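Read through the structure below, which is laid out as structure tokens, and then see the notes.
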Amino acid sequence: MEKLWHRLAIEFANLGHEVVHVSRRYRGLPDEGYQEGVHNIRVEGYSQPANGLALKLLDLLYTVRAVRRVPESDIIITNTFWAPVLLRRREGVYVSVERMPKGQMRLYRRAARLCACTCAVRDAILSEDPSAEPRVRVIPNPLPEMPTSVVSWQKKEKRILYVGRVHPEKGIELLLQAFVRAKAEALSSWKLEIVGPWETRDGGGGDRWAKSLRDRRVHPDIEWTGPLFRHDELAVRYQRAQVFAYPSLAERGETFGLAPLEAMAWGAVPIVSALACFKDFVVPGQNGFVFDHRAEDPVAGLATVLAGLPQQPMAELSREALRVRETHAPKRIAAQFISDFESVLRQSEGN
């Protein structure tokens with residue numbers, strides 16, 4: 001989310017708006033300064049703890065610091081649990097709902113807008129608070145970086161890529177089992193690459209779990225790359241992979257699926273689980289594939305999809321996947337947000 005809002009802030013500034021971005025302090029970045037027209041203010045924050053209660057407490061402490069630095073504004077976009085509560089007396093509070101709500105939507109009744117990143121998140125908001133319907137909008141997340149290179153299908157490798165947190169809820173073990181099974185059937189020359197952090201502080205499943213998984217799933221064609229945070233390093237992986245697999249099992253945790261979107265922008269054909277959040281941009285048989293992770297044997301289902309890849313029109317699917325460069329371009333999504341901000345202001349003036 002930090003990447004997304006950093007990019008959107010730049011787009012808002014390019015459109016002539018005054019933008020202040022209050023975020024967490026990081027080593028190597030100034031506590032305050034300007035970048036591409038955006039006024040950045042950074043305050044002390046924390047690494048993510050494993051305990052959920054500790055996370056909420058640290059989030060509260062961070063949000064208190066951040067709210068103190070929020071200037072007078074027409075629109076205040078929030079992206080932490082506590083911010084809409086602490087800002088309830090301010091006008092123009094715009095809640096960016098980037099995760100499935102867990103009972104907090106009723107706390108946000110003073111907010112001017114609840115913006116969902118997918119239709120699935122919108123439905124979850126309304127299930128918690130049906131009265132919020134007039135204040136809910138759906139605006140998709142943009143690509144955090146806009147690829148400009150031409151994608152050549154001929155240069156892609158027979159490679160299946162996963163990028164994301166290495167955590168049990170992401171379906172990593174399911175993917176490993178399905179790949180080994182499909183490889184024995186039809187993917188003899190294919191490789192699988194796992195990219196992402198497994199340490200708890202980065203949202204992973206922890207060192208012990210990750211080591212156990214790697215030890216149990218040793219295979220010469222499975223590569224464990226570890227975390228990559230630089231966009232250019234990730235772009236190399238996306239660009240060379242024919243397929244991007246994202247078999248998430250997080251029924252309540254997955255809200256959008258930014259990694260599949262990024263991969264599609266580099267022409268990698270996505271294979272995703274049947275979570276509702278992916279329906280907004282992955283169309284089975286048109287620009288990707290979906291398998292039923294809720295089936296009695298989800299490994300068999302995913303293995304069947306993987307084993308069938310050599311018979312699919314992959315180049316055509318890749319061309320369709322690339323259309324996200326248009327539908328989710330930062331400039332296009334920024335314009336949608338600005339239009340909605342103006343709607344919020346008109347409504348406020350009318351009241």
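Chain labels A, B, ... are given in the sequence in which chains occur in the structure tokens; within each chain residues are numbered consecutively from 1, and ligands are likewise numbered from 1 in the order shown.
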
Practice item. Looking only at strand (DSSP E or B) from DSSP on the backbone, list the matching residues of segment 79-195 of chain A as a ChimeraX atom specification. Key: /A:93-97,113-116,136-138,157-163,191-195

I need the chosen residues saved as a short mmCIF file (atom, residue, chain, number, x, y, z; two decimals), in the first residue's frame, with N, CA and C atoms.
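This went into part.cif:
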```cif
data_model
loop_
_atom_site.label_atom_id
_atom_site.label_comp_id
_atom_site.auth_asym_id
_atom_site.auth_seq_id
_atom_site.Cartn_x
_atom_site.Cartn_y
_atom_site.Cartn_z
N VAL A 93 -12.68 12.99 5.62
CA VAL A 93 -11.92 11.77 5.93
C VAL A 93 -12.30 10.69 4.91
N TYR A 94 -11.32 10.19 4.21
CA TYR A 94 -11.50 9.27 3.09
C TYR A 94 -10.78 7.98 3.43
N VAL A 95 -11.54 6.95 3.82
CA VAL A 95 -10.95 5.70 4.31
C VAL A 95 -10.64 4.78 3.14
N SER A 96 -9.36 4.48 2.97
CA SER A 96 -8.93 3.53 1.95
C SER A 96 -8.98 2.13 2.56
N VAL A 97 -10.01 1.37 2.21
CA VAL A 97 -10.21 0.04 2.80
C VAL A 97 -9.48 -0.98 1.92
N ARG A 113 -16.10 9.01 3.23
CA ARG A 113 -16.08 7.97 2.19
C ARG A 113 -15.38 6.72 2.69
N LEU A 114 -15.91 5.56 2.29
CA LEU A 114 -15.25 4.28 2.48
C LEU A 114 -14.95 3.76 1.09
N CYS A 115 -13.69 3.77 0.71
CA CYS A 115 -13.31 3.39 -0.65
C CYS A 115 -12.75 1.97 -0.65
N ALA A 116 -13.44 1.08 -1.35
CA ALA A 116 -13.03 -0.32 -1.45
C ALA A 116 -12.20 -0.53 -2.70
N VAL A 136 -19.98 4.40 0.16
CA VAL A 136 -19.03 3.41 -0.33
C VAL A 136 -18.81 3.56 -1.83
N ARG A 137 -17.57 3.51 -2.26
CA ARG A 137 -17.21 3.52 -3.67
C ARG A 137 -16.18 2.42 -3.91
N VAL A 138 -16.08 1.95 -5.15
CA VAL A 138 -15.06 0.98 -5.54
C VAL A 138 -14.14 1.63 -6.56
N GLU A 157 10.60 -17.52 -20.41
CA GLU A 157 11.05 -18.87 -20.09
C GLU A 157 9.88 -19.73 -19.61
N LYS A 158 10.06 -21.03 -19.67
CA LYS A 158 9.07 -21.94 -19.10
C LYS A 158 9.24 -21.93 -17.59
N ARG A 159 8.71 -20.89 -17.02
CA ARG A 159 8.96 -20.60 -15.61
C ARG A 159 7.66 -20.14 -14.96
N ILE A 160 7.35 -20.73 -13.82
CA ILE A 160 6.20 -20.34 -13.01
C ILE A 160 6.75 -19.55 -11.83
N LEU A 161 6.20 -18.38 -11.60
CA LEU A 161 6.72 -17.47 -10.59
C LEU A 161 5.67 -17.22 -9.51
N TYR A 162 6.12 -17.17 -8.27
CA TYR A 162 5.31 -16.68 -7.16
C TYR A 162 6.06 -15.53 -6.52
N VAL A 163 5.39 -14.41 -6.29
CA VAL A 163 5.96 -13.28 -5.56
C VAL A 163 4.97 -12.88 -4.48
N LYS A 191 10.34 -24.63 -14.59
CA LYS A 191 10.89 -24.33 -13.27
C LYS A 191 9.87 -23.53 -12.48
N LEU A 192 9.99 -23.59 -11.16
CA LEU A 192 9.16 -22.81 -10.25
C LEU A 192 10.08 -21.95 -9.39
N GLU A 193 9.77 -20.66 -9.32
CA GLU A 193 10.57 -19.74 -8.50
C GLU A 193 9.69 -19.10 -7.44
N ILE A 194 10.14 -19.16 -6.19
CA ILE A 194 9.43 -18.56 -5.06
C ILE A 194 10.20 -17.33 -4.60
N VAL A 195 9.57 -16.17 -4.70
CA VAL A 195 10.19 -14.90 -4.31
C VAL A 195 9.37 -14.28 -3.19
#
```

Practice item. Step one, run DSSP on the backbone; step two, keep only residues of segment 30-197 of chain A assigned to helix (DSSP H, G or I); then write them as a PyMOL selection string. Key: chain A and resi 52-68+83-86+105-108+119-128+130-135+153-155+168-170+172-185

Exercise for review: Name all residues at most 6 Å from segment 118-135 of chain A (count only C-alpha atoms; drop same-chain ones fewer than 5 positions away) and give them as a count of residues only.
Suggested key: 4

Exercise for review: Might you pull out every residue within 9 Å of segment 172-187 of chain A, with only C-alpha atoms counted and same-chain residues fewer than 3 positions away left off, and present them as a VMD selection string?
Suggested key: chain A and resid 158 160 162 166 to 169 190 to 192 194 213 217 219 222 245 to 248 298 to 310

Any chance you can output those residues with N, CA and C atoms as a short mmCIF file (atom, residue, chain, number, x, y, z; two decimals), in the first residue's frame?
```cif
data_model
loop_
_atom_site.label_atom_id
_atom_site.label_comp_id
_atom_site.auth_asym_id
_atom_site.auth_seq_id
_atom_site.Cartn_x
_atom_site.Cartn_y
_atom_site.Cartn_z
N LYS A 158 10.06 -21.03 -19.67
CA LYS A 158 9.07 -21.94 -19.10
C LYS A 158 9.24 -21.93 -17.59
N ILE A 160 7.35 -20.73 -13.82
CA ILE A 160 6.20 -20.34 -13.01
C ILE A 160 6.75 -19.55 -11.83
N TYR A 162 6.12 -17.17 -8.27
CA TYR A 162 5.31 -16.68 -7.16
C TYR A 162 6.06 -15.53 -6.52
N VAL A 166 5.88 -15.31 2.03
CA VAL A 166 5.98 -16.77 2.13
C VAL A 166 5.36 -17.15 3.46
N HIS A 167 4.07 -17.47 3.38
CA HIS A 167 3.26 -17.69 4.58
C HIS A 167 2.26 -18.80 4.26
N PRO A 168 1.87 -19.61 5.26
CA PRO A 168 0.93 -20.70 4.99
C PRO A 168 -0.36 -20.26 4.32
N GLU A 169 -0.88 -19.06 4.68
CA GLU A 169 -2.15 -18.62 4.11
C GLU A 169 -2.05 -18.27 2.63
N TRP A 190 9.99 -27.23 -17.10
CA TRP A 190 9.58 -26.01 -16.42
C TRP A 190 10.26 -25.88 -15.06
N LYS A 191 10.34 -24.63 -14.59
CA LYS A 191 10.89 -24.33 -13.27
C LYS A 191 9.87 -23.53 -12.48
N LEU A 192 9.99 -23.59 -11.16
CA LEU A 192 9.16 -22.81 -10.25
C LEU A 192 10.08 -21.95 -9.39
N ILE A 194 10.14 -19.16 -6.19
CA ILE A 194 9.43 -18.56 -5.06
C ILE A 194 10.20 -17.33 -4.60
N LEU A 213 9.52 -26.14 5.42
CA LEU A 213 8.92 -26.24 4.09
C LEU A 213 9.99 -26.49 3.03
N ARG A 217 10.36 -29.87 0.67
CA ARG A 217 10.06 -29.69 -0.74
C ARG A 217 11.33 -29.37 -1.54
N HIS A 219 13.69 -29.82 -4.56
CA HIS A 219 13.56 -30.26 -5.95
C HIS A 219 14.52 -29.41 -6.79
N ILE A 222 12.95 -26.22 -8.31
CA ILE A 222 12.29 -25.25 -7.44
C ILE A 222 13.36 -24.32 -6.88
N ALA A 245 1.83 -17.67 -10.49
CA ALA A 245 0.91 -18.44 -9.65
C ALA A 245 0.72 -17.75 -8.30
N TYR A 246 -0.53 -17.58 -7.93
CA TYR A 246 -0.85 -16.92 -6.65
C TYR A 246 -2.01 -17.67 -6.00
N PRO A 247 -1.72 -18.82 -5.36
CA PRO A 247 -2.77 -19.71 -4.85
C PRO A 247 -3.23 -19.37 -3.43
N SER A 248 -3.50 -18.11 -3.17
CA SER A 248 -3.81 -17.67 -1.82
C SER A 248 -5.03 -18.40 -1.24
N PRO A 298 -7.60 -29.64 -3.54
CA PRO A 298 -7.14 -28.47 -4.29
C PRO A 298 -5.80 -28.67 -4.98
N VAL A 299 -4.95 -29.54 -4.42
CA VAL A 299 -3.67 -29.82 -5.08
C VAL A 299 -3.91 -30.42 -6.46
N ALA A 300 -4.84 -31.35 -6.54
CA ALA A 300 -5.16 -31.97 -7.84
C ALA A 300 -5.71 -30.94 -8.81
N GLY A 301 -6.55 -30.04 -8.30
CA GLY A 301 -7.11 -29.01 -9.17
C GLY A 301 -6.06 -28.09 -9.75
N LEU A 302 -5.15 -27.63 -8.90
CA LEU A 302 -4.08 -26.74 -9.37
C LEU A 302 -3.13 -27.51 -10.28
N ALA A 303 -2.82 -28.75 -9.94
CA ALA A 303 -1.93 -29.56 -10.77
C ALA A 303 -2.51 -29.75 -12.17
N THR A 304 -3.82 -29.91 -12.26
CA THR A 304 -4.47 -30.06 -13.56
C THR A 304 -4.32 -28.81 -14.41
N VAL A 305 -4.48 -27.65 -13.77
CA VAL A 305 -4.28 -26.39 -14.50
C VAL A 305 -2.84 -26.27 -14.98
N LEU A 306 -1.89 -26.56 -14.11
CA LEU A 306 -0.48 -26.46 -14.47
C LEU A 306 -0.11 -27.44 -15.58
N ALA A 307 -0.58 -28.68 -15.47
CA ALA A 307 -0.25 -29.69 -16.47
C ALA A 307 -0.84 -29.35 -17.83
N GLY A 308 -1.93 -28.58 -17.84
CA GLY A 308 -2.56 -28.22 -19.11
C GLY A 308 -1.96 -27.00 -19.80
N LEU A 309 -0.99 -26.36 -19.18
CA LEU A 309 -0.41 -25.14 -19.76
C LEU A 309 0.14 -25.34 -21.18
N PRO A 310 0.85 -26.43 -21.47
CA PRO A 310 1.40 -26.58 -22.83
C PRO A 310 0.34 -26.62 -23.92
#
```

**Study point:** Near-Tyr26 of chain A list (10 Å; only C-alpha atoms; drop same-chain fewer than 6 positions) as a VMD selection string
**Key:** chain A and resid 42 to 46

Point to revise | Nearest candidate to Phe337 of chain A (options A:Leu107, A:Pro142, A:Ala50, A:Ile271; using only C-alpha atoms) | key: A:Pro142

Review point. Between A:Ala241, A:Glu223, A:Gly171, A:Glu316, which has the minimum distance to His293 of chain A (counting only C-alpha atoms)?
Key: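 Smallest separation from His293 of chain A among the options: A:Gly171.
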
Point to revise | Among listed residues A:Phe12, A:Trp198, A:Phe341, A:Phe244, nearest Arg214 of chain A (using only C-alpha atoms) | key: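 Among the listed residues, A:Trp198 lies closest to Arg214 of chain A.
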
**Study point:** Selection: 9 Å around Glu36 of chain A, only C-alpha atoms, excl. self and same-chain fewer than 6 positions, as a ChimeraX atom specification
**Key:** /A:10,13-14

Could you save the residues just selected, with N, CA and C atoms, as an mmCIF file, in the first residue's frame?
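part.cif, written as the output of this step:
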```
data_model
loop_
_atom_site.group_PDB
_atom_site.id
_atom_site.type_symbol
_atom_site.label_atom_id
_atom_site.label_comp_id
_atom_site.auth_asym_id
_atom_site.auth_seq_id
_atom_site.Cartn_x
_atom_site.Cartn_y
_atom_site.Cartn_z
ATOM 1 N N ILE A 10 2.157 11.227 -6.257
ATOM 2 C CA ILE A 10 2.885 11.908 -7.336
ATOM 3 C C ILE A 10 1.940 12.295 -8.459
ATOM 4 N N ALA A 13 -0.077 15.302 -7.431
ATOM 5 C CA ALA A 13 0.743 16.507 -7.524
ATOM 6 C C ALA A 13 0.916 16.947 -8.973
ATOM 7 N N ASN A 14 1.094 15.987 -9.871
ATOM 8 C CA ASN A 14 1.229 16.324 -11.296
ATOM 9 C C ASN A 14 -0.031 16.976 -11.852
#
```

Check your understanding: In terms of the shortest atom-to-atom distance over only C-alpha atoms, which of A:Pro330, A:Pro144, A:Gly267, A:Pro313 is closest to Glu2 of chain A?
Key ->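 Ranked by minimum distance to Glu2 of chain A, first place goes to A:Pro144.
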
I'd like a table as JSON lines: residues in segment 240-273 of chain A with an atom no more than 8 Å from segment 147-155 of chain A, each row giving the shortest atom pair and its distance in Å to one decimal, only C-alpha atoms counted, sorted by chain and rising residue number.
```
{"residue": "A:Arg240", "atom": "CA", "partner": "A:Lys155", "partner_atom": "CA", "distance": 6.9}
{"residue": "A:Gln242", "atom": "CA", "partner": "A:Trp153", "partner_atom": "CA", "distance": 7.8}
{"residue": "A:Ala265", "atom": "CA", "partner": "A:Pro147", "partner_atom": "CA", "distance": 6.9}
{"residue": "A:Trp266", "atom": "CA", "partner": "A:Val151", "partner_atom": "CA", "distance": 6.4}
{"residue": "A:Gly267", "atom": "CA", "partner": "A:Val151", "partner_atom": "CA", "distance": 6.5}
```

Same residues, C-alpha atoms, output as an mmCIF file, in the first residue's frame:
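Result written to selection.cif:
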```
data_model
loop_
_atom_site.group_PDB
_atom_site.id
_atom_site.type_symbol
_atom_site.label_atom_id
_atom_site.label_comp_id
_atom_site.auth_asym_id
_atom_site.auth_seq_id
_atom_site.Cartn_x
_atom_site.Cartn_y
_atom_site.Cartn_z
ATOM 1 C CA ARG A 240 10.974 -13.730 -17.896
ATOM 2 C CA GLN A 242 5.398 -17.198 -18.611
ATOM 3 C CA ALA A 265 1.595 -5.920 -16.635
ATOM 4 C CA TRP A 266 4.718 -7.835 -17.702
ATOM 5 C CA GLY A 267 2.747 -10.403 -19.701
#
```

Practice item. Using only C-alpha atoms, pick whichever of A:Pro284, A:Gly28, A:Gly37, A:Gly204 has the shortest atom-to-atom distance to Glu11 of chain A. Key: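 For Glu11 of chain A, the nearest of the given residues is A:Gly37.
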
Review point. Nearest to Ile139 of chain A: which of A:Leu86, A:Cys117, A:Leu258, A:Leu4 is it, counting only C-alpha atoms?
Key: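 Nearest candidate to Ile139 of chain A out of A:Leu86, A:Cys117, A:Leu258, A:Leu4: A:Cys117.
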
Exercise for review: Would you mind reading off the distance between atom CA of Ser273 of chain A and atom CA of Leu8 of chain A, one decimal, in Å?
Suggested key: 28.1 Å

**Study point:** Shell around Gly203 of chain A at 10 Å using only C-alpha atoms, local window under 3 positions removed, as a ChimeraX atom specification
**Key:** /A:47-50,164-167,196-200,206

Prev. selection, C-alpha atoms, output as a PDB file, in the first residue's frame:
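Output file out.pdb follows:
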```pdb
ATOM      1  CA  SER A  47       8.014  -3.432  12.482  1.00  0.00           C
ATOM      2  CA  GLN A  48       5.047  -5.783  12.326  1.00  0.00           C
ATOM      3  CA  PRO A  49       4.802  -8.065  15.387  1.00  0.00           C
ATOM      4  CA  ALA A  50       3.427 -11.596  15.232  1.00  0.00           C
ATOM      5  CA  GLY A 164       4.556 -12.426  -2.149  1.00  0.00           C
ATOM      6  CA  ARG A 165       4.789 -13.216   1.521  1.00  0.00           C
ATOM      7  CA  VAL A 166       5.985 -16.766   2.126  1.00  0.00           C
ATOM      8  CA  HIS A 167       3.256 -17.690   4.584  1.00  0.00           C
ATOM      9  CA  GLY A 196       9.291 -13.251  -1.025  1.00  0.00           C
ATOM     10  CA  PRO A 197      10.061 -12.793   2.676  1.00  0.00           C
ATOM     11  CA  TRP A 198       9.395 -15.533   5.222  1.00  0.00           C
ATOM     12  CA  GLU A 199      10.488 -13.625   8.340  1.00  0.00           C
ATOM     13  CA  THR A 200       7.707 -12.704  10.767  1.00  0.00           C
ATOM     14  CA  GLY A 206       8.612 -17.435  10.304  1.00  0.00           C
TER      15      GLY A 206
END
```
